Amino acid sequence: MRKKLPHLFLRNPQGFSRKFDTSRNVNSESVEEKSPEIYRAQKDRLDNSYQIFDAKRRERINRRTLDVPAKIDYIEIRFYIIFSDTQFNIKSRFENQFGLSPVRYSNFNKTVLLAVSDTRKFKDFVNLLYMFVRSSDDIPPKGQKYAIITTIHDFEFLSREKVLGYSRNHLVLDLVNVQQKISSGLDQIKARLFPYLQRLTEERRIISFQSDEDTCIEIHGIGDEELFTIADNFDILCAAHSLRTPRIRPDAFNIENLTWAITIHRNPSGHLIGVLDNGVRPITPLSDIVAPHGIDIITGIPSNAMQPSHPHGTIVASLAAIGLQFFKTELNEFVADANILPIRILESFDGMFQVFGLINAIKTAVREHGVRIFNLSVCAQSKMYNEPPSVLAYQLDRLAYDLDILIFIATGNLDEADIQIMHSPEWSNNEFHRYPFHFYDPEASTDCHVCEATNICVPAESLNNVTVGATADNLRDNTTDLTLSRELPAYYTRKNHYDYSRSVNGTSIRQGQINRNISKPDIVMPGGDRMAPSAGMQVFGFGDQGNDFYTFDSGTSLATPLASNLAAKILNRYPDLNMQTVKALIINSAERQLDASFLDKVEKKIKDKVSRAKFGVDFSSLSKGQKAQISKGFNKQNLYRNLVGYGQPDDDNVLYSTDKSVTLVLEDSIANRTHRVIPITIPPYLLEREQSKRLYIKATLCFKTYPNWGNHLDYNSLHISFNFARQVDGALNHAANVIADRTDSFFDQFYQTEAILTETDHDKVQALKAAERKKAMGIKGELKGWSEDYFPLVNKPCSNTQQLDIHIQKDEIAKVSGRIVLVLRCALKDNLSPALDAWAQAQASHPFSIVLSINDETKLFDDFSLYDELVAINNLAPIAYLEGEAGAAEVEVETQV
């Protein structure tokens, strides 16, 4: 058995460069030129849009009944292109020329809600619109004054019906973002709206309301008349949501036991996990580890958080407390890894989320109890494909950013009633209902299933927190029912809701706008299988009936606390780490247990469908180029990633290094528009003996981002990425400058090739030079791709979780003279909203965490310890840890002095 050693901080000297040129030598995108007669359908559609727009606007005027001093009209325009200044200066032109100020973005910023900030200029927009509509069908729009109008697919007025949809009674109303040209009017509207809501509360016409006065208002118990009055008169609302929680299925069946026969002891140094659920009953096994006073947002009485009517929260708490130990049936006595703070956020599982109650409960738990880890195994409705982040996800992201906490969020389960119907005799033979076909087929639907129903639920899209899906493993035997194998994503688990193959406003999503690093879930943990109860996990019952001490259950609700438990173990051992480091440690240890071959038939089915629709033949009959085109839109590897994220974490790798596998941690910050390099010296013993395999390095970057509410593409406005390179110069600052600046004179020596010197085409010369630069910086034949491409920064969504790996062979260690560099770069997006700009100005640098696992792949050097050798030649420091924090079942840690 390998010695279990503490992880190490990477503290080698660093090089810095205040350079980051985010431009690139590529041609800007342009709208495809079409025959002029093709525009007739668009002209008719825009004409119809305006007729309806005008009617809805007049209807709104007639509906106003309150004297609100400011009135603002809004128009939602669906564009063919991204609404930014990279193409046709469209953003500036609409604001300056047409008096339209953007207040909310969706559909990757191709759909924009704009405020009419200047009514006179808006008339110019309408005039230009009708110049296009009435133009001759034999005149191309290109070069005409109205050419800008051709970027619009259609538009509509923001009416009461569009704002409210079907949301009633208990709902969250989203507020428009503040823009300078309408800020005064919005202030006047707020000054009337909140006193009006307060008066409705005092008159008992609504039960209650809460608001942060920036993003949303949450209202409980409002009738249609009052709701319609608010929506008709206060021009600050843009959308409404009812955050209904899904039903929890009844207990599958109880297992007869005379008692629980388990004792769980309190861990005096164990961290608290805040369990956000329906409450936690301190049944006998949990009585020592549940905090004496919980938090109850339903009644405000702390003791009620310990009196749930359903065991859901109690089951979650038990798994969060002792994790995978729970399933070691040979043991009956444990020391908890975590103690539990019950936080009751739901009265029943068919109720509504109280957004601000939840937010305030988390703040209270942090302030009064020091909680850093939270578990949220309940969720709201599923997300539509490519839907922007919800207000609940935004609020949780803000909490993670402001408080340095980590919330483990379940993806949610496919609805239990739907599963029962899908596998009833009437429907069970339908291939679309069988595993794994049910996960994805956008063109298929039945009366009881569409694949959008397998998308993650709100708020699982949260970027700063950890989203957890489930495998079918029940941690008891190999029994599964609906799922093919226990290592695979469970039938009920949900997938990432981003699908870049779908069109937006009638146009495809361009490659430069795709970022597959933005993917949820982050990880998976065991959750058991359905439908047979025996395929589920054995968990606690209440014990009220004398035969319900245990029951079988399954779901992402059970997988999520197993991940929360891992975080508690990390903090028990390394209490001073920040929470993004905890996230990076968990993700970096994760592996997918099987390959994606279980999706072969799904991939063939989808590719054949797309191929027949596009080219008239099956996928196998296409040319190589045509196959590549379709595979970019859909392939089994991407679907697998969308189901399991980075895979299932490994308990030991999360917590310990060994003599042959070393985990390095870098907690630092980086300024905007800069690069930095951190050298890592490779032990010379790896140049000895035969065989080429030497090192495998895997690294995960995590950082918390300040979320940009109401802006889909720029929700995360911060780009940080990393790479591995050779150290091109002994002076670290110069090495950073060389990597940061493609025009650095260092590269001139590599341009003296015949191909470059004889080529006359400028673009080809630039391409040849770029190739030479990659060779000069690469550890291998050339520099590998970065963890994330930044280009085009203004039009590309940015992720805050990235991973990169590299195998380094013996000859490559010699090539780089035994030293590589970890390179980081940072850039903020331009044209930020006023709120984001204020944040950016206040941030001198942006914190990040990188976790690197360095593994000796040789199996040749039992007489050498990679751990000891790395420590000897690098500035590495053992992370301060607590001894004796392990549970009773855990092997004692052997430490190195």
# chains A, B, ... in the order shown; residues from 1 in each chain; ligands from 1
$ closest_atom_pairs --of "segment 599-698 of chain A" --to "segment 440-464 of chain A" --cutoff "9 Å" --atoms "only C-alpha atoms" --output "JSON lines"
{"residue": "A:Val602", "atom": "CA", "partner": "A:Tyr440", "partner_atom": "CA", "distance": 7.8}
{"residue": "A:Lys605", "atom": "CA", "partner": "A:Asp441", "partner_atom": "CA", "distance": 8.7}
{"residue": "A:Ile606", "atom": "CA", "partner": "A:Asp441", "partner_atom": "CA", "distance": 6.8}
{"residue": "A:Lys609", "atom": "CA", "partner": "A:Glu443", "partner_atom": "CA", "distance": 8.8}
{"residue": "A:Leu639", "atom": "CA", "partner": "A:Tyr440", "partner_atom": "CA", "distance": 8.2}
$ residues_around --residues "Pro683 of chain A" --least-positions-apart "3" --cutoff "7 Å" --atoms "only C-alpha atoms" --output "list in words"
Leu686, Glu869 and Leu870 of chain A
$ write_last_selection --atoms "all heavy atoms" --output "mmCIF file, in the first residue's frame"
data_model
loop_
_atom_site.group_PDB
_atom_site.id
_atom_site.type_symbol
_atom_site.label_atom_id
_atom_site.label_comp_id
_atom_site.auth_asym_id
_atom_site.auth_seq_id
_atom_site.Cartn_x
_atom_site.Cartn_y
_atom_site.Cartn_z
ATOM 1 N N LEU A 686 14.008 10.643 -13.897
ATOM 2 C CA LEU A 686 13.107 10.218 -14.966
ATOM 3 C C LEU A 686 13.784 10.160 -16.328
ATOM 4 O O LEU A 686 13.184 9.724 -17.309
ATOM 5 C CB LEU A 686 11.902 11.165 -15.015
ATOM 6 C CG LEU A 686 10.935 11.027 -13.824
ATOM 7 C CD1 LEU A 686 10.006 12.213 -13.737
ATOM 8 C CD2 LEU A 686 10.145 9.725 -13.925
ATOM 9 N N GLU A 869 11.386 13.650 -4.676
ATOM 10 C CA GLU A 869 12.249 14.278 -5.679
ATOM 11 C C GLU A 869 11.689 15.632 -6.119
ATOM 12 O O GLU A 869 12.436 16.590 -6.325
ATOM 13 C CB GLU A 869 12.412 13.349 -6.889
ATOM 14 C CG GLU A 869 13.123 12.040 -6.583
ATOM 15 C CD GLU A 869 14.572 12.246 -6.138
ATOM 16 O OE1 GLU A 869 15.255 13.118 -6.710
ATOM 17 O OE2 GLU A 869 14.994 11.544 -5.201
ATOM 18 N N LEU A 870 10.377 15.734 -6.260
ATOM 19 C CA LEU A 870 9.782 17.023 -6.603
ATOM 20 C C LEU A 870 9.997 18.042 -5.485
ATOM 21 O O LEU A 870 10.308 19.208 -5.738
ATOM 22 C CB LEU A 870 8.282 16.861 -6.873
ATOM 23 C CG LEU A 870 7.874 16.291 -8.236
ATOM 24 C CD1 LEU A 870 6.387 15.943 -8.257
ATOM 25 C CD2 LEU A 870 8.206 17.264 -9.359
#
$ select_by_dssp --residues "segment 664-799 of chain A" --states "strand (DSSP E or B)" --output "PyMOL selection string"
chain A and resi 664-670+674-681+693-702+718-726
$ write_last_selection --atoms "C-alpha atoms" --output "PDB file, in the first residue's frame"
ATOM      1  CA  LEU A 664       0.113  20.311  -6.248  1.00  0.00           C
ATOM      2  CA  VAL A 665      -2.181  23.210  -5.360  1.00  0.00           C
ATOM      3  CA  LEU A 666      -1.804  26.791  -6.528  1.00  0.00           C
ATOM      4  CA  GLU A 667      -4.045  29.438  -4.941  1.00  0.00           C
ATOM      5  CA  ASP A 668      -3.297  32.835  -6.414  1.00  0.00           C
ATOM      6  CA  SER A 669      -4.747  35.729  -8.395  1.00  0.00           C
ATOM      7  CA  ILE A 670      -4.091  37.245 -11.803  1.00  0.00           C
ATOM      8  CA  THR A 674      -1.726  39.691 -18.192  1.00  0.00           C
ATOM      9  CA  HIS A 675       0.151  36.408 -18.494  1.00  0.00           C
ATOM     10  CA  ARG A 676       2.150  34.613 -15.865  1.00  0.00           C
ATOM     11  CA  VAL A 677       4.387  31.542 -15.894  1.00  0.00           C
ATOM     12  CA  ILE A 678       5.207  29.166 -13.035  1.00  0.00           C
ATOM     13  CA  PRO A 679       8.125  26.781 -13.672  1.00  0.00           C
ATOM     14  CA  ILE A 680       8.068  23.154 -12.523  1.00  0.00           C
ATOM     15  CA  THR A 681      11.365  21.264 -12.471  1.00  0.00           C
ATOM     16  CA  LYS A 693       6.582   6.671 -20.771  1.00  0.00           C
ATOM     17  CA  ARG A 694       7.427   9.003 -17.899  1.00  0.00           C
ATOM     18  CA  LEU A 695       4.870  11.484 -16.555  1.00  0.00           C
ATOM     19  CA  TYR A 696       1.154  12.073 -16.796  1.00  0.00           C
ATOM     20  CA  ILE A 697      -0.052  15.482 -15.597  1.00  0.00           C
ATOM     21  CA  LYS A 698      -3.699  16.427 -15.201  1.00  0.00           C
ATOM     22  CA  ALA A 699      -4.695  19.917 -14.055  1.00  0.00           C
ATOM     23  CA  THR A 700      -8.020  21.561 -13.189  1.00  0.00           C
ATOM     24  CA  LEU A 701      -8.609  25.303 -12.990  1.00  0.00           C
ATOM     25  CA  CYS A 702     -11.513  26.704 -10.958  1.00  0.00           C
ATOM     26  CA  LEU A 718     -13.907  36.861 -16.954  1.00  0.00           C
ATOM     27  CA  HIS A 719     -11.609  34.702 -19.054  1.00  0.00           C
ATOM     28  CA  ILE A 720      -8.808  32.821 -17.298  1.00  0.00           C
ATOM     29  CA  SER A 721      -7.154  29.871 -19.012  1.00  0.00           C
ATOM     30  CA  PHE A 722      -3.938  27.875 -18.757  1.00  0.00           C
ATOM     31  CA  ASN A 723      -1.502  25.705 -20.674  1.00  0.00           C
ATOM     32  CA  PHE A 724       1.750  23.767 -20.333  1.00  0.00           C
ATOM     33  CA  ALA A 725       4.788  24.998 -22.272  1.00  0.00           C
ATOM     34  CA  ARG A 726       8.551  24.785 -22.318  1.00  0.00           C
TER      35      ARG A 726
END
$ residues_around --residues "segment 373-380 of chain A" --least-positions-apart "4" --cutoff "8 Å" --atoms "only C-alpha atoms" --output "PyMOL selection string"
chain A and resi 243-246+272-277+316+353+405-412+457-460+556-558+560-561+564+567-568
$ write_last_selection --atoms "N, CA, C and O atoms" --output "CSV table (one decimal), in the first residue's frame"
chain,number,residue,atom,x,y,z
A,243,LEU,N,-41.1,29.0,-9.4
A,243,LEU,CA,-40.0,28.1,-9.1
A,243,LEU,C,-40.6,26.9,-8.3
A,243,LEU,O,-40.4,26.7,-7.1
A,244,ARG,N,-41.4,26.1,-9.0
A,244,ARG,CA,-42.1,24.9,-8.3
A,244,ARG,C,-41.1,23.8,-8.1
A,244,ARG,O,-40.3,23.4,-9.1
A,245,THR,N,-41.1,23.2,-7.0
A,245,THR,CA,-40.2,22.0,-6.7
A,245,THR,C,-40.9,20.8,-7.2
A,245,THR,O,-42.1,20.6,-7.1
A,246,PRO,N,-40.1,19.8,-7.8
A,246,PRO,CA,-40.7,18.6,-8.3
A,246,PRO,C,-41.2,17.7,-7.2
A,246,PRO,O,-40.7,17.8,-6.0
A,272,LEU,N,-19.4,21.8,9.5
A,272,LEU,CA,-20.9,21.7,9.4
A,272,LEU,C,-21.3,21.7,7.9
A,272,LEU,O,-20.7,22.5,7.1
A,273,ILE,N,-22.2,20.9,7.5
A,273,ILE,CA,-22.8,21.0,6.2
A,273,ILE,C,-24.3,21.5,6.4
A,273,ILE,O,-25.0,20.9,7.2
A,274,GLY,N,-24.6,22.5,5.7
A,274,GLY,CA,-26.0,23.1,5.8
A,274,GLY,C,-26.8,22.3,4.8
A,274,GLY,O,-26.6,22.3,3.6
A,275,VAL,N,-27.8,21.5,5.3
A,275,VAL,CA,-28.7,20.7,4.4
A,275,VAL,C,-29.9,21.5,4.1
A,275,VAL,O,-30.8,21.7,5.0
A,276,LEU,N,-30.0,22.0,2.9
A,276,LEU,CA,-31.1,22.8,2.4
A,276,LEU,C,-32.2,21.9,1.9
A,276,LEU,O,-32.1,21.4,0.8
A,277,ASP,N,-33.2,21.6,2.7
A,277,ASP,CA,-34.1,20.5,2.3
A,277,ASP,C,-35.5,20.8,3.1
A,277,ASP,O,-35.8,21.9,3.4
A,316,VAL,N,-30.7,12.6,3.2
A,316,VAL,CA,-29.6,13.4,2.6
A,316,VAL,C,-28.6,13.7,3.7
A,316,VAL,O,-27.4,13.6,3.5
A,353,PHE,N,-40.1,27.3,-4.3
A,353,PHE,CA,-38.9,27.8,-3.7
A,353,PHE,C,-39.2,29.3,-3.2
A,353,PHE,O,-39.8,30.1,-3.9
A,405,ILE,N,-18.2,30.2,-0.3
A,405,ILE,CA,-18.9,28.9,0.1
A,405,ILE,C,-19.0,28.1,-1.2
A,405,ILE,O,-18.7,28.5,-2.3
A,406,LEU,N,-19.4,26.8,-1.0
A,406,LEU,CA,-19.7,25.9,-2.1
A,406,LEU,C,-21.0,25.2,-1.8
A,406,LEU,O,-21.2,24.6,-0.8
A,407,ILE,N,-21.9,25.2,-2.8
A,407,ILE,CA,-23.2,24.6,-2.7
A,407,ILE,C,-23.2,23.4,-3.7
A,407,ILE,O,-22.9,23.6,-4.9
A,408,PHE,N,-23.5,22.2,-3.2
A,408,PHE,CA,-23.6,21.1,-4.0
A,408,PHE,C,-25.0,20.9,-4.4
A,408,PHE,O,-25.9,20.7,-3.6
A,409,ILE,N,-25.3,20.9,-5.7
A,409,ILE,CA,-26.6,21.0,-6.3
A,409,ILE,C,-26.9,19.8,-7.1
A,409,ILE,O,-26.2,19.4,-8.0
A,410,ALA,N,-28.0,19.2,-6.9
A,410,ALA,CA,-28.5,18.0,-7.7
A,410,ALA,C,-28.9,18.5,-9.0
A,410,ALA,O,-29.5,19.5,-9.2
A,411,THR,N,-28.7,17.6,-10.0
A,411,THR,CA,-29.2,17.9,-11.4
A,411,THR,C,-30.7,17.8,-11.4
A,411,THR,O,-31.3,18.4,-12.3
A,412,GLY,N,-31.3,17.1,-10.5
A,412,GLY,CA,-32.7,16.7,-10.6
A,412,GLY,C,-32.9,15.4,-11.2
A,412,GLY,O,-32.0,14.9,-11.9
A,457,CYS,N,-32.2,20.7,-13.9
A,457,CYS,CA,-33.2,21.6,-13.4
A,457,CYS,C,-32.6,22.8,-12.7
A,457,CYS,O,-31.4,22.8,-12.3
A,458,VAL,N,-33.3,23.9,-12.7
A,458,VAL,CA,-32.9,25.1,-12.0
A,458,VAL,C,-32.7,24.7,-10.5
A,458,VAL,O,-33.5,24.0,-9.9
A,459,PRO,N,-31.6,25.1,-9.8
A,459,PRO,CA,-30.6,26.0,-10.3
A,459,PRO,C,-29.3,25.3,-10.6
A,459,PRO,O,-28.2,25.8,-10.3
A,460,ALA,N,-29.3,24.1,-11.2
A,460,ALA,CA,-28.2,23.3,-11.4
A,460,ALA,C,-27.2,23.9,-12.4
A,460,ALA,O,-26.1,23.5,-12.5
A,556,THR,N,-30.6,11.6,-7.8
A,556,THR,CA,-29.5,12.5,-7.7
A,556,THR,C,-29.5,13.2,-6.3
A,556,THR,O,-28.5,13.7,-5.8
A,557,SER,N,-30.7,13.1,-5.6
A,557,SER,CA,-30.8,13.6,-4.2
A,557,SER,C,-29.8,12.8,-3.3
A,557,SER,O,-29.3,13.4,-2.3
A,558,LEU,N,-29.5,11.6,-3.6
A,558,LEU,CA,-28.7,10.8,-2.8
A,558,LEU,C,-27.2,10.9,-3.3
A,558,LEU,O,-26.3,10.8,-2.4
A,560,THR,N,-25.8,13.6,-4.5
A,560,THR,CA,-25.3,15.0,-4.1
A,560,THR,C,-24.7,15.0,-2.7
A,560,THR,O,-23.6,15.6,-2.6
A,561,PRO,N,-25.3,14.5,-1.7
A,561,PRO,CA,-24.6,14.6,-0.4
A,561,PRO,C,-23.4,13.7,-0.3
A,561,PRO,O,-22.5,14.0,0.6
A,564,SER,N,-21.0,16.3,-1.2
A,564,SER,CA,-20.8,17.2,-0.1
A,564,SER,C,-19.9,16.7,0.9
A,564,SER,O,-19.1,17.4,1.5
A,567,ALA,N,-16.3,17.1,0.2
A,567,ALA,CA,-15.8,18.5,0.5
A,567,ALA,C,-15.5,18.6,2.0
A,567,ALA,O,-14.5,19.3,2.4
A,568,ALA,N,-16.4,18.1,2.8
A,568,ALA,CA,-16.2,18.1,4.3
A,568,ALA,C,-14.9,17.4,4.6
A,568,ALA,O,-14.1,17.9,5.5
$ residues_around --residues "Asp397 of chain A" --least-positions-apart "3" --cutoff "8 Å" --atoms "only C-alpha atoms" --output "JSON, numbers by chain"
{"A": [393, 394, 400, 401, 462, 463, 464, 465, 705, 706, 707]}
$ write_last_selection --atoms "C-alpha atoms" --output "PDB file, in the first residue's frame"
ATOM      1  CA  ALA A 393     -28.721  30.220 -10.134  1.00  0.00           C
ATOM      2  CA  TYR A 394     -27.590  33.844 -10.267  1.00  0.00           C
ATOM      3  CA  ALA A 400     -20.532  31.639  -3.652  1.00  0.00           C
ATOM      4  CA  TYR A 401     -18.606  34.650  -4.935  1.00  0.00           C
ATOM      5  CA  SER A 462     -24.954  27.621 -11.326  1.00  0.00           C
ATOM      6  CA  LEU A 463     -21.335  28.195 -12.428  1.00  0.00           C
ATOM      7  CA  ASN A 464     -19.609  28.900  -9.115  1.00  0.00           C
ATOM      8  CA  ASN A 465     -21.010  25.842  -7.356  1.00  0.00           C
ATOM      9  CA  THR A 705     -16.905  34.653 -11.191  1.00  0.00           C
ATOM     10  CA  TYR A 706     -19.011  37.718 -10.476  1.00  0.00           C
ATOM     11  CA  PRO A 707     -22.162  36.839 -12.450  1.00  0.00           C
TER      12      PRO A 707
END
$ select_by_dssp --residues "segment 246-413 of chain A" --states "helix (DSSP H, G or I)" --output "PyMOL selection string"
chain A and resi 284-286+302-306+312-327+355-369+391-403
$ residues_around --residues "Asn339 of chain A" --least-positions-apart "3" --cutoff "12 Å" --atoms "only C-alpha atoms" --output "VMD selection string"
chain A and resid 264 to 275 280 282 286 to 292 317 to 323 335 to 336 342 369 371 373 to 374 564 to 565 568 to 569 572
$ closest_residue --among "A:Ser485, A:Asn109, A:Asn278, A:Thr467" --to "Asn386 of chain A" --atoms "only C-alpha atoms"
A:Asn109
$ atom_distance --atom1 "atom CA of His734 of chain A" --atom2 "atom CA of Val851 of chain A"
25.2 Å
$ closest_residue --among "A:Glu76, A:Asp477, A:Glu333, A:Glu225" --to "Ala261 of chain A" --atoms "only C-alpha atoms"
A:Glu333
$ decode --residues "segment 708-762 of chain A" --atoms "C-alpha atoms" --output "short mmCIF file (atom, residue, chain, number, x, y, z; two decimals), in the first residue's frame"
data_model
loop_
_atom_site.label_atom_id
_atom_site.label_comp_id
_atom_site.auth_asym_id
_atom_site.auth_seq_id
_atom_site.Cartn_x
_atom_site.Cartn_y
_atom_site.Cartn_z
CA ASN A 708 -23.61 39.30 -14.95
CA TRP A 709 -27.37 39.12 -14.50
CA GLY A 710 -29.49 39.23 -17.63
CA ASN A 711 -26.62 38.76 -20.09
CA HIS A 712 -26.41 35.27 -21.56
CA LEU A 713 -23.05 35.43 -23.37
CA ASP A 714 -21.39 37.59 -20.71
CA TYR A 715 -22.84 35.91 -17.63
CA ASN A 716 -19.21 35.14 -16.82
CA SER A 717 -17.28 38.15 -18.15
CA LEU A 718 -13.91 36.86 -16.95
CA HIS A 719 -11.61 34.70 -19.05
CA ILE A 720 -8.81 32.82 -17.30
CA SER A 721 -7.15 29.87 -19.01
CA PHE A 722 -3.94 27.87 -18.76
CA ASN A 723 -1.50 25.70 -20.67
CA PHE A 724 1.75 23.77 -20.33
CA ALA A 725 4.79 25.00 -22.27
CA ARG A 726 8.55 24.79 -22.32
CA GLN A 727 10.46 27.53 -20.53
CA VAL A 728 11.78 29.47 -23.51
CA ASP A 729 14.06 31.73 -21.48
CA GLY A 730 15.85 31.50 -18.13
CA ALA A 731 14.49 34.89 -17.09
CA LEU A 732 10.91 34.17 -16.06
CA ASN A 733 9.52 37.61 -16.91
CA HIS A 734 10.98 37.39 -20.40
CA ALA A 735 9.61 33.85 -20.74
CA ALA A 736 6.16 35.22 -19.89
CA ASN A 737 6.58 38.07 -22.40
CA VAL A 738 7.56 35.65 -25.15
CA ILE A 739 4.47 33.48 -24.61
CA ALA A 740 2.22 36.54 -24.31
CA ASP A 741 3.49 38.43 -27.36
CA ARG A 742 3.45 36.79 -30.77
CA THR A 743 5.55 39.68 -32.13
CA ASP A 744 8.41 39.18 -29.65
CA SER A 745 11.84 39.21 -31.36
CA PHE A 746 12.65 35.88 -29.67
CA PHE A 747 10.70 34.12 -32.42
CA ASP A 748 12.71 35.69 -35.28
CA GLN A 749 15.31 32.90 -35.08
CA PHE A 750 12.61 30.34 -35.94
CA TYR A 751 11.36 32.22 -39.02
CA GLN A 752 14.48 31.58 -41.09
CA THR A 753 12.97 28.59 -42.90
CA GLU A 754 12.84 28.25 -46.65
CA ALA A 755 9.05 27.94 -46.58
CA ILE A 756 8.66 31.31 -44.80
CA LEU A 757 11.42 33.14 -46.68
CA THR A 758 10.09 32.15 -50.11
CA GLU A 759 6.36 32.55 -49.47
CA THR A 760 4.84 35.77 -50.84
CA ASP A 761 1.25 35.43 -49.65
CA HIS A 762 0.90 37.40 -46.40
#
